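K.L.:
My structure is below; once you've seen it, I'll send some questions.
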Amino acid sequence: MPTPDRDWDQTYRDPQSPPWDTRRPSTQLRLLLESGSVKPCRALDLGCGTGTNVIFLAQQGFSATGVDLSGVAIQRAREKARAAAVSVNFVCASVLALPDFGVPFAFVFDCGCFHTLAKDQRRTFVEQVLGVTRPGSIFLLLCGNAKEPLDPGPPTVSEEEIRATFSRDFDIEWIREFRLDTVNLPKTPLGYATLMRRRLP
Ligand SMILES: C[S@@+](CC[C@H](N)C(=O)[O-])C[C@H]1O[C@@H](n2cnc3c(N)ncnc32)[C@H](O)[C@@H]1O
């Protein structure tokens, strides 16, 4: 299971794709866009990995930025965006110390980054998201589900932990169980998809 001090560059150098790197856009992200709840806008993918989802957002008309700690993943993401002839702003940075992006993002997506953080980093994560969004911004968070931990499998978070972390600053519209899109795992992990909207002041 991934840990906060994991060497992400080394993970991405491994010739076998990591389980989350399916090369297909996230089903939950696709469903959300198909529902029409999120229209093209300025979007940020936190822990974007090799860029599949943020490239998909750009292809759907979003003005898209992807952030990841791993330089190896960001380099691969840039190559994929170039091959797909789409414009994406890729930034190698920590979600715990985001740069100043200027204009706030109206949509934030996180597939599997938040759940890798240590519990004592969660408040910093929320503060960083608050720093790059505005009231009304929408956040789709995908993480492993503590009801069904798997080894091998992703780190997990409980519904109570999600509510405790985010409900001070976000109205949680729904939390749904789903099966994470993965490759190279014996069992498909259970996840939580959370849709939330930053609270108006
Ligand atoms: C489980 S992977 C998911 C990658 C991508 N979202 C996807 O679905 O393919 C978690 C990602 O978070 C990144 N990550 C972990 N800690 C991070 C941090 N503090 N700041 C930015 N990225 C981080 C890792 O490098 C990795 O790419």
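By convention in this document, the chains of the structure tokens carry letters A, B, ... by their order, each chain's residues are numbered from 1, and ligands are numbered from 1 in the order they are shown.
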Might you pull out every residue within 9 Å of Pro154 in chain A, with only C-alpha atoms counted and same-chain residues fewer than 2 positions away left off, and present them as number ranges by chain?
P.N.:
A: 1-2, 19-20, 112, 115-116, 143-145, 149-152, 156, 189
K.L.:
Let me see if you get this right: every residue at most 6 Å from ligand 1, counting only C-alpha atoms and all ligand atoms, written as a list of chain:residue names.
P.N.:
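Checking only C-alpha atoms and all ligand atoms against ligand 1 at 6 Å gives A:Trp8, A:Trp20, A:Asp21, A:Gly47, A:Cys48, A:Gly49, A:Asp68, A:Leu69, A:Ser70, A:Ala93, A:Ser94, A:Val95, A:Leu96, A:Cys111, A:Gly112, A:Cys113.
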K.L.:
Which of chain A end up as alpha helix (DSSP H) when DSSP is run on this backbone - answer as an MDAnalysis selection string?
P.N.:
chainID A and resid 8:13 27:35 52:59 71:84 122:131 159:166
K.L.:
Please identify the strand (DSSP E or B) residues within range 55-199 of chain A (assignment by DSSP from backbone atoms) and present them as a PyMOL selection string.
P.N.:
chain A and resi 63-68+89-92+105-111+133-145+156-157+170-179+190-198
K.L.:
Atoms to include: N, CA and C atoms. Write the selected residues as a compact mmCIF listing (two decimals), in the first residue's frame.
P.N.:
```
# COMPACT_ATOMS: atom_id res chain seq x y z
N SER A 63 -9.98 24.42 -19.03
CA SER A 63 -8.67 25.04 -18.97
C SER A 63 -7.95 24.33 -17.82
N ALA A 64 -7.10 23.35 -18.17
CA ALA A 64 -6.71 22.34 -17.19
C ALA A 64 -5.27 22.48 -16.71
N THR A 65 -5.11 22.27 -15.40
CA THR A 65 -3.79 22.26 -14.77
C THR A 65 -3.65 20.96 -13.97
N GLY A 66 -2.50 20.32 -14.08
CA GLY A 66 -2.22 19.11 -13.30
C GLY A 66 -0.99 19.32 -12.45
N VAL A 67 -1.09 18.89 -11.19
CA VAL A 67 0.03 19.03 -10.25
C VAL A 67 0.42 17.65 -9.75
N ASP A 68 1.70 17.37 -9.70
CA ASP A 68 2.15 16.12 -9.08
C ASP A 68 3.56 16.32 -8.52
N ASN A 89 -1.51 22.75 -18.43
CA ASN A 89 -0.45 23.34 -17.61
C ASN A 89 -0.02 22.30 -16.57
N PHE A 90 1.16 21.73 -16.71
CA PHE A 90 1.64 20.75 -15.73
C PHE A 90 2.64 21.40 -14.79
N VAL A 91 2.48 21.12 -13.50
CA VAL A 91 3.35 21.71 -12.49
C VAL A 91 3.84 20.60 -11.56
N CYS A 92 5.16 20.56 -11.38
CA CYS A 92 5.71 19.59 -10.43
C CYS A 92 5.79 20.27 -9.07
N PHE A 105 -9.53 28.10 -9.23
CA PHE A 105 -10.10 27.01 -10.02
C PHE A 105 -11.56 26.79 -9.61
N ALA A 106 -12.42 26.59 -10.60
CA ALA A 106 -13.84 26.35 -10.32
C ALA A 106 -14.12 24.86 -10.12
N PHE A 107 -13.18 24.01 -10.59
CA PHE A 107 -13.35 22.56 -10.42
C PHE A 107 -12.01 21.95 -10.02
N VAL A 108 -12.05 21.13 -8.96
CA VAL A 108 -10.85 20.42 -8.50
C VAL A 108 -11.16 18.93 -8.50
N PHE A 109 -10.18 18.14 -8.95
CA PHE A 109 -10.33 16.69 -9.03
C PHE A 109 -9.14 16.06 -8.32
N ASP A 110 -9.42 15.01 -7.57
CA ASP A 110 -8.34 14.26 -6.92
C ASP A 110 -8.69 12.78 -7.00
N CYS A 111 -7.92 12.06 -7.78
CA CYS A 111 -8.10 10.61 -7.86
C CYS A 111 -6.89 9.96 -7.21
N THR A 133 -9.08 27.87 -4.74
CA THR A 133 -10.47 27.81 -5.19
C THR A 133 -11.20 29.07 -4.72
N ARG A 134 -12.50 29.11 -4.99
CA ARG A 134 -13.34 30.22 -4.53
C ARG A 134 -14.63 29.60 -4.01
N PRO A 135 -15.42 30.35 -3.22
CA PRO A 135 -16.71 29.81 -2.80
C PRO A 135 -17.51 29.39 -4.03
N GLY A 136 -18.13 28.22 -3.95
CA GLY A 136 -18.88 27.69 -5.09
C GLY A 136 -18.08 26.70 -5.92
N SER A 137 -16.75 26.66 -5.78
CA SER A 137 -15.94 25.69 -6.54
C SER A 137 -16.36 24.27 -6.17
N ILE A 138 -16.30 23.40 -7.18
CA ILE A 138 -16.71 22.00 -6.99
C ILE A 138 -15.47 21.12 -6.88
N PHE A 139 -15.54 20.12 -6.00
CA PHE A 139 -14.39 19.24 -5.77
C PHE A 139 -14.88 17.79 -5.84
N LEU A 140 -14.34 17.02 -6.79
CA LEU A 140 -14.62 15.57 -6.84
C LEU A 140 -13.39 14.84 -6.30
N LEU A 141 -13.60 14.14 -5.18
CA LEU A 141 -12.52 13.42 -4.49
C LEU A 141 -12.77 11.91 -4.59
N LEU A 142 -11.77 11.18 -5.08
CA LEU A 142 -11.87 9.72 -5.15
C LEU A 142 -10.79 9.11 -4.25
N CYS A 143 -11.22 8.23 -3.35
CA CYS A 143 -10.22 7.60 -2.48
C CYS A 143 -10.63 6.17 -2.12
N GLY A 144 -9.68 5.43 -1.57
CA GLY A 144 -9.96 4.07 -1.13
C GLY A 144 -10.93 4.07 0.04
N ASN A 145 -11.70 3.00 0.15
CA ASN A 145 -12.79 2.92 1.13
C ASN A 145 -12.38 2.01 2.30
N THR A 156 -6.82 3.65 2.49
CA THR A 156 -8.26 3.83 2.62
C THR A 156 -8.61 4.92 3.62
N VAL A 157 -9.83 5.45 3.45
CA VAL A 157 -10.34 6.53 4.29
C VAL A 157 -11.79 6.16 4.62
N PHE A 170 -16.66 22.76 3.11
CA PHE A 170 -17.37 22.31 1.91
C PHE A 170 -18.73 21.74 2.28
N ASP A 171 -19.74 22.01 1.44
CA ASP A 171 -21.01 21.29 1.56
C ASP A 171 -20.83 19.99 0.78
N ILE A 172 -21.01 18.88 1.48
CA ILE A 172 -20.85 17.59 0.81
C ILE A 172 -22.17 17.25 0.14
N GLU A 173 -22.17 17.20 -1.20
CA GLU A 173 -23.42 16.94 -1.93
C GLU A 173 -23.74 15.46 -1.90
N TRP A 174 -22.74 14.62 -2.10
CA TRP A 174 -22.95 13.17 -1.93
C TRP A 174 -21.61 12.46 -1.71
N ILE A 175 -21.74 11.28 -1.08
CA ILE A 175 -20.60 10.35 -0.98
C ILE A 175 -21.12 9.01 -1.48
N ARG A 176 -20.48 8.47 -2.52
CA ARG A 176 -20.95 7.21 -3.11
C ARG A 176 -19.84 6.18 -3.12
N GLU A 177 -20.23 4.93 -2.96
CA GLU A 177 -19.26 3.85 -3.10
C GLU A 177 -19.13 3.50 -4.57
N PHE A 178 -17.92 3.14 -4.97
CA PHE A 178 -17.70 2.72 -6.36
C PHE A 178 -16.47 1.82 -6.38
N ARG A 179 -16.25 1.19 -7.51
CA ARG A 179 -15.05 0.36 -7.66
C ARG A 179 -14.00 1.17 -8.41
N LEU A 190 -12.61 -1.17 -3.46
CA LEU A 190 -13.79 -0.33 -3.21
C LEU A 190 -13.31 1.09 -2.90
N GLY A 191 -14.04 2.07 -3.42
CA GLY A 191 -13.66 3.46 -3.18
C GLY A 191 -14.83 4.28 -2.66
N TYR A 192 -14.51 5.51 -2.26
CA TYR A 192 -15.53 6.52 -2.01
C TYR A 192 -15.34 7.64 -3.02
N ALA A 193 -16.42 8.00 -3.69
CA ALA A 193 -16.42 9.21 -4.52
C ALA A 193 -17.21 10.25 -3.76
N THR A 194 -16.61 11.42 -3.56
CA THR A 194 -17.26 12.50 -2.81
C THR A 194 -17.36 13.73 -3.69
N LEU A 195 -18.57 14.24 -3.83
CA LEU A 195 -18.74 15.50 -4.56
C LEU A 195 -19.07 16.59 -3.56
N MET A 196 -18.27 17.63 -3.55
CA MET A 196 -18.50 18.71 -2.58
C MET A 196 -18.33 20.06 -3.25
N ARG A 197 -18.97 21.03 -2.61
CA ARG A 197 -18.94 22.40 -3.14
C ARG A 197 -18.43 23.32 -2.03
N ARG A 198 -17.47 24.15 -2.37
CA ARG A 198 -16.92 25.06 -1.34
C ARG A 198 -18.02 26.00 -0.87
```
K.L.:
Between CA of Gln59 in chain A and CA of Val86 in chain A, what is the distance in Å, rounded to a tenth?
P.N.:
6.8 Å
K.L.:
Between A:Ala83, A:Ala97, A:Val132, A:Leu185, which one has atoms that come closest to Arg42 in chain A, using only C-alpha atoms?
P.N.:
A:Val132
K.L.:
Between A:Val103, A:Ala73, A:Ala164, A:Ala146, which has the minimum distance to Val126 in chain A (counting only C-alpha atoms)?
P.N.:
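Closest candidate: A:Ala164.
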K.L.:
Mind giving me the straight-line distance from CA of Val183 in chain A to CA of Gly153 in chain A in Å, one decimal?
P.N.:
10.9 Å
K.L.:
Of the candidates A:Ala84, A:Leu130, A:Leu117, A:Val72, which one gets nearest to Asp14 in chain A if we count only C-alpha atoms?
P.N.:
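Of the candidates, the smallest distance to Asp14 in chain A is held by A:Val72.
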